[in-house]
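Undergrad: Before anything else, here's the structure in question.
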Amino acid sequence: MPIHDQGYRRYGGERAAHGRAWAVIASAGIRTMLRKRAFLGLLLLAWAPFFVRAVQIYAAANLPQASFLTPTPEMFRDFLSQQSSFVFFIAVYAGSGLIASDRRANALQIYLSKPLSRIEYVFGKLAVLLAFLLLVTWVPAIVLLIVQVVFAGDFSFLVDNLFLFPAITVSAFVQTIAVAATMLALSSLSKSSRYVGILYAGVIFFSQAMYGVLYQVTRDSSWAWVSFNANLSQINAFVFRMRPSYETPWPVSFAVLAAVVALSAVILERRVRGVEVVA
Amino acid sequence: MSDRPPVVELEGVTVAYGAQRALQDVTARFAAGAVGLLGPNGAGKSTMIKALLGFVVPSAGKMRVLGYDVAVSPLPIRARVGYMPESDAHIPGMNAVSFVAYCGELAGLPRVDAMQRAHEVLFYVGLGEARYRNVETYSTGMKQRIKLAQALVHDPDLLFLDEPTNGMDPIGRDEMLNLVRDLAHRKSVNVIVSSHLLPDVEFTCDHVVVLDKGRVAAAGPIEALKQPRGRVYELRVKAAGDPEAFIETLRTAGLECHATEEDVMRVFVPGDGGARDIFRLAAGAGVQVRHLRPSVPTLEDVFAHAVGER
């Protein structure tokens, strides 16, 4: 039947099994974001530190007078810490509208009338944010590791620091999962992506400011668990075998971040529904 | 009643929003073909559809759609049904063809097939020329059509249409009703049309389920429900006093009466009674009968009888 035929015909083709809709949601979300020039610019900007570090590694490997630039495990930790600011902006840009825009357009009842569960919907949306956040944290850090091997021409650095690959992976995944879950939960609370962005910034900065106040009053850095970023920093320090910046034990920081993710899951469970019930 | 098994069955279903019961112990069967879900605003029509889709969980009762238990198999049900919601709904940031193809993919169609179906369905609903426009720029009537397209793209066996003609101009409304009728009668798609507009349901459907205050007030084939169990008259009177008093007189005498226009009422005379009874009661009440014409029962009479509308 030609495409211009205005009749309706039944469909006799194949249908995918249930459980794959999350991938459809994720790929559509990623394509939508990649069509935005400003977002592409932000992604490119987020890779700028990678190129700086790559030049540093190249210089250290090839120029004797630049030996002071020799890469260390600390460099990789610092690189991931630097990427935190890009994680913040990408989370706000790509994440704030993920559910808020669907709620504004009443899209949830469209999604949930299709053969997909609420969990699939949330995973699909989460995957969009995770993909972009990992693209500016885990991916460049791992590529830096490879760049180091390529420019050095041997595996000695990698062999001496075998913990770096799991450290980079754990650090990047803890950060992106905590950020993505928080942002997604906030996005489900409002129909305005702008308001969600402000709310997220509020959560991050308010928790940091609260720690600042508590520290000023008590002069005790074990209060760092109240700060979202400080908890990430503690986890980073632990996995990279560095001296932590605060006195908060890393298991406490991990527990706080786990609680944030759990709270986000509870919020998403309550907010992602086909019908909004006002009791 | 059709020989085919019912597409939807509800048994003692109760749905409550807090203390408010939207559906109360509803037992109903929706025959294959086109069934109208009629009722005044707040009767529980949309709630029933949302319960059948699994959006709201009943506090009691069982529901089956296309033979599947809603509580056990919501995903297989949603793979075979299409839902056109009452309110405006779309995926933000997409043009029409991307939106409809995306809905097809969500329903399990391969990407190429979903895109091809999206084009076909958009032409079918009359949006072929506007299919590359962003949905957010569509008029109300076009948004109704795109909602139908997204419900159709995966070729469902059963369509839930919630107030499909809401906000449409007369021409668009006629076109939408023709589409619904075509789907149900020529394309073998079972359709459940939720509406408070009697002419819409009468035009598109063969069967009807009337809901009132969360309960089933009447159900069955429209033609059977319209069979006279007495005589129907269209009546215009001039009363010296309050015409309501005359209406009350008719009701007291066992005649059903409901106003259709300002001074016109439809009177249902049960059993073997006829116009003579009306003249007798009018004379007794001192009311002049200005106009009296035998009429045929309509769905409006069925509806008024079922929900006790006056």
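A note on labels: chains of the structure tokens are A, B, ... as shown, every chain counts residues from 1, and ligands are counted from 1 in their shown order.
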For the helix (DSSP H, G or I) assignment from backbone DSSP, which residues of range 144-181 of chain B qualify? Please present them as JSON, numbers by chain.
TA: {"B": [144, 145, 146, 147, 148, 149, 150, 151, 152, 170, 171, 172, 173, 174, 175, 176, 177, 178, 179, 180, 181]}
Undergrad: If you take only C-alpha atoms and a cut-off of 6 Å, which residues of chain B touch chain A, and what are their nearest atom pairs and distances in Å to one decimal, in chain and number order, as a Markdown table?
TA:
```
| residue | atom | partner | partner_atom | distance |
| --- | --- | --- | --- | --- |
| B:Tyr17 | CA | A:Ala279 | CA | 5.6 |
| B:Gly18 | CA | A:Ala279 | CA | 4.9 |
| B:Phe55 | CA | A:Gly274 | CA | 5.1 |
| B:Leu75 | CA | A:Pro115 | CA | 4.6 |
| B:Arg78 | CA | A:Pro115 | CA | 4.9 |
| B:Ala79 | CA | A:Pro115 | CA | 4.9 |
| B:Ala89 | CA | A:Asn106 | CA | 4.7 |
| B:His90 | CA | A:Ala107 | CA | 5.3 |
| B:Ile91 | CA | A:Ala107 | CA | 5.4 |
| B:Leu106 | CA | A:Ala21 | CA | 5.3 |
| B:Ala107 | CA | A:Lys114 | CA | 5.4 |
| B:Gly108 | CA | A:Ala16 | CA | 4.5 |
| B:Leu109 | CA | A:Arg15 | CA | 4.9 |
| B:Phe123 | CA | A:Gln6 | CA | 5.3 |
| B:Tyr124 | CA | A:Gln6 | CA | 4.8 |
| B:Asp155 | CA | A:Tyr11 | CA | 5.8 |
```
Undergrad: Any chance you could export the current selection's N, CA and C atoms as a PDB file, in the first residue's frame?
TA:
```
ATOM      1  N   TYR B  17     -11.320   7.572  45.537  1.00  0.00           N
ATOM      2  CA  TYR B  17     -10.254   8.563  45.699  1.00  0.00           C
ATOM      3  C   TYR B  17     -10.403   9.114  47.106  1.00  0.00           C
ATOM      4  N   GLY B  18      -9.657   8.577  48.039  1.00  0.00           N
ATOM      5  CA  GLY B  18      -9.855   8.974  49.432  1.00  0.00           C
ATOM      6  C   GLY B  18     -11.227   8.514  49.877  1.00  0.00           C
ATOM      7  N   PHE B  55      -4.291   2.409  35.663  1.00  0.00           N
ATOM      8  CA  PHE B  55      -3.798   3.662  36.243  1.00  0.00           C
ATOM      9  C   PHE B  55      -4.261   3.810  37.693  1.00  0.00           C
ATOM     10  N   LEU B  75       0.384  -5.312  31.220  1.00  0.00           N
ATOM     11  CA  LEU B  75       1.180  -5.020  30.022  1.00  0.00           C
ATOM     12  C   LEU B  75       0.641  -5.700  28.758  1.00  0.00           C
ATOM     13  N   ARG B  78      -2.201  -3.570  27.670  1.00  0.00           N
ATOM     14  CA  ARG B  78      -1.836  -2.288  27.058  1.00  0.00           C
ATOM     15  C   ARG B  78      -1.204  -2.480  25.670  1.00  0.00           C
ATOM     16  N   ALA B  79      -0.639  -3.668  25.432  1.00  0.00           N
ATOM     17  CA  ALA B  79      -0.089  -3.926  24.100  1.00  0.00           C
ATOM     18  C   ALA B  79      -1.205  -4.045  23.070  1.00  0.00           C
ATOM     19  N   ALA B  89      -2.677  15.823  25.512  1.00  0.00           N
ATOM     20  CA  ALA B  89      -1.515  15.034  25.927  1.00  0.00           C
ATOM     21  C   ALA B  89      -0.622  14.785  24.722  1.00  0.00           C
ATOM     22  N   HIS B  90       0.658  15.021  24.881  1.00  0.00           N
ATOM     23  CA  HIS B  90       1.624  14.742  23.816  1.00  0.00           C
ATOM     24  C   HIS B  90       3.010  14.626  24.441  1.00  0.00           C
ATOM     25  N   ILE B  91       3.950  14.147  23.636  1.00  0.00           N
ATOM     26  CA  ILE B  91       5.340  14.103  24.102  1.00  0.00           C
ATOM     27  C   ILE B  91       5.969  15.431  23.683  1.00  0.00           C
ATOM     28  N   LEU B 106       7.204   2.538  21.405  1.00  0.00           N
ATOM     29  CA  LEU B 106       6.935   2.214  22.808  1.00  0.00           C
ATOM     30  C   LEU B 106       6.016   1.003  22.918  1.00  0.00           C
ATOM     31  N   ALA B 107       5.140   0.859  21.915  1.00  0.00           N
ATOM     32  CA  ALA B 107       4.201  -0.271  21.935  1.00  0.00           C
ATOM     33  C   ALA B 107       4.835  -1.542  21.376  1.00  0.00           C
ATOM     34  N   GLY B 108       6.103  -1.471  20.974  1.00  0.00           N
ATOM     35  CA  GLY B 108       6.816  -2.683  20.569  1.00  0.00           C
ATOM     36  C   GLY B 108       7.042  -2.831  19.088  1.00  0.00           C
ATOM     37  N   LEU B 109       6.623  -1.843  18.280  1.00  0.00           N
ATOM     38  CA  LEU B 109       6.844  -1.954  16.835  1.00  0.00           C
ATOM     39  C   LEU B 109       8.306  -1.649  16.512  1.00  0.00           C
ATOM     40  N   PHE B 123      -2.261  10.218   8.023  1.00  0.00           N
ATOM     41  CA  PHE B 123      -3.118  10.490   6.862  1.00  0.00           C
ATOM     42  C   PHE B 123      -4.552  10.065   7.165  1.00  0.00           C
ATOM     43  N   TYR B 124      -4.686   8.921   7.824  1.00  0.00           N
ATOM     44  CA  TYR B 124      -6.026   8.400   8.107  1.00  0.00           C
ATOM     45  C   TYR B 124      -6.832   9.365   8.980  1.00  0.00           C
ATOM     46  N   ASP B 155      -1.932  -0.513  16.087  1.00  0.00           N
ATOM     47  CA  ASP B 155      -3.048  -1.347  15.647  1.00  0.00           C
ATOM     48  C   ASP B 155      -3.680  -2.110  16.814  1.00  0.00           C
TER      49      ASP B 155
END
```
Undergrad: Which one is closest to Phe123 in chain A: A:Ser85, A:Ser222, A:Gln56, A:Ser27? Count only C-alpha atoms.
TA: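 Between A:Ser85, A:Ser222, A:Gln56, A:Ser27, the residue approaching Phe123 in chain A most closely is A:Ser27.
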Undergrad: Tell me which protein, DNA and RNA residues are within 8 Å of range 202-208 of chain A, counting only C-alpha atoms, leaving out same-chain ones fewer than 6 positions away, and put them as a PyMOL selection string.
TA: chain A and resi 226-230
Undergrad: Using only C-alpha atoms, which residues sit within 9 Å of Pro156 in chain B once same-chain residues fewer than 2 positions away are excluded, as a PyMOL selection string?
TA: (chain A and resi 10-11) or (chain B and resi 78-82+151-154+158-159+189-190)
Undergrad: For the residues in the current selection, export N, CA and C atoms as a PDB file, in the first residue's frame.
TA:
```
ATOM      1  N   ARG A  10      -4.759  -3.022   9.137  1.00  0.00           N
ATOM      2  CA  ARG A  10      -4.290  -3.697  10.336  1.00  0.00           C
ATOM      3  C   ARG A  10      -2.800  -3.993  10.186  1.00  0.00           C
ATOM      4  N   TYR A  11      -2.100  -4.115  11.311  1.00  0.00           N
ATOM      5  CA  TYR A  11      -0.662  -4.346  11.307  1.00  0.00           C
ATOM      6  C   TYR A  11      -0.388  -5.832  11.530  1.00  0.00           C
TER       7      TYR A  11
ATOM      8  N   ARG B  78      -2.201  -3.570  27.670  1.00  0.00           N
ATOM      9  CA  ARG B  78      -1.836  -2.288  27.058  1.00  0.00           C
ATOM     10  C   ARG B  78      -1.204  -2.480  25.670  1.00  0.00           C
ATOM     11  N   ALA B  79      -0.639  -3.668  25.432  1.00  0.00           N
ATOM     12  CA  ALA B  79      -0.089  -3.926  24.100  1.00  0.00           C
ATOM     13  C   ALA B  79      -1.205  -4.045  23.070  1.00  0.00           C
ATOM     14  N   ARG B  80      -2.415  -4.370  23.542  1.00  0.00           N
ATOM     15  CA  ARG B  80      -3.519  -4.609  22.591  1.00  0.00           C
ATOM     16  C   ARG B  80      -4.599  -3.544  22.652  1.00  0.00           C
ATOM     17  N   VAL B  81      -4.420  -2.547  23.508  1.00  0.00           N
ATOM     18  CA  VAL B  81      -5.420  -1.471  23.537  1.00  0.00           C
ATOM     19  C   VAL B  81      -4.766  -0.136  23.172  1.00  0.00           C
ATOM     20  N   GLY B  82      -5.593   0.768  22.708  1.00  0.00           N
ATOM     21  CA  GLY B  82      -5.143   2.136  22.463  1.00  0.00           C
ATOM     22  C   GLY B  82      -5.970   3.055  23.342  1.00  0.00           C
ATOM     23  N   ALA B 151      -3.050   6.572  19.528  1.00  0.00           N
ATOM     24  CA  ALA B 151      -3.745   5.405  20.081  1.00  0.00           C
ATOM     25  C   ALA B 151      -3.875   4.293  19.053  1.00  0.00           C
ATOM     26  N   LEU B 152      -3.803   4.669  17.777  1.00  0.00           N
ATOM     27  CA  LEU B 152      -4.028   3.706  16.694  1.00  0.00           C
ATOM     28  C   LEU B 152      -2.750   3.108  16.126  1.00  0.00           C
ATOM     29  N   VAL B 153      -1.628   3.767  16.344  1.00  0.00           N
ATOM     30  CA  VAL B 153      -0.418   3.448  15.567  1.00  0.00           C
ATOM     31  C   VAL B 153       0.009   1.990  15.703  1.00  0.00           C
ATOM     32  N   HIS B 154      -0.213   1.393  16.864  1.00  0.00           N
ATOM     33  CA  HIS B 154       0.229   0.004  17.046  1.00  0.00           C
ATOM     34  C   HIS B 154      -0.880  -0.995  16.730  1.00  0.00           C
ATOM     35  N   LEU B 158      -8.556  -2.968  20.772  1.00  0.00           N
ATOM     36  CA  LEU B 158      -9.589  -2.241  21.516  1.00  0.00           C
ATOM     37  C   LEU B 158      -9.121  -0.804  21.734  1.00  0.00           C
ATOM     38  N   LEU B 159     -10.010   0.125  21.448  1.00  0.00           N
ATOM     39  CA  LEU B 159      -9.690   1.550  21.626  1.00  0.00           C
ATOM     40  C   LEU B 159     -10.543   2.136  22.744  1.00  0.00           C
ATOM     41  N   VAL B 189     -12.051  -2.821  14.686  1.00  0.00           N
ATOM     42  CA  VAL B 189     -11.420  -2.392  15.936  1.00  0.00           C
ATOM     43  C   VAL B 189     -12.537  -2.183  16.958  1.00  0.00           C
ATOM     44  N   ASN B 190     -12.452  -2.868  18.079  1.00  0.00           N
ATOM     45  CA  ASN B 190     -13.446  -2.650  19.131  1.00  0.00           C
ATOM     46  C   ASN B 190     -13.215  -1.279  19.736  1.00  0.00           C
TER      47      ASN B 190
END
```
Undergrad: For each of B:Gly93, B:Gly220, B:Gly67, B:Gly271, take the minimum atom-to-atom distance to Arg133 in chain B, counting only C-alpha atoms, then give the residue where this is smallest.
TA: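 Among the listed residues, the smallest separation from Arg133 in chain B belongs to B:Gly93.
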Undergrad: Find the spatial neighbours of Pro71 in chain A, counting only C-alpha atoms, within a cut-off of 10 Å - ignore same-chain residues fewer than 2 positions away - and output them as a PyMOL selection string.
TA: chain A and resi 53+56-58+60-61+67-69+73-76+145+148+157
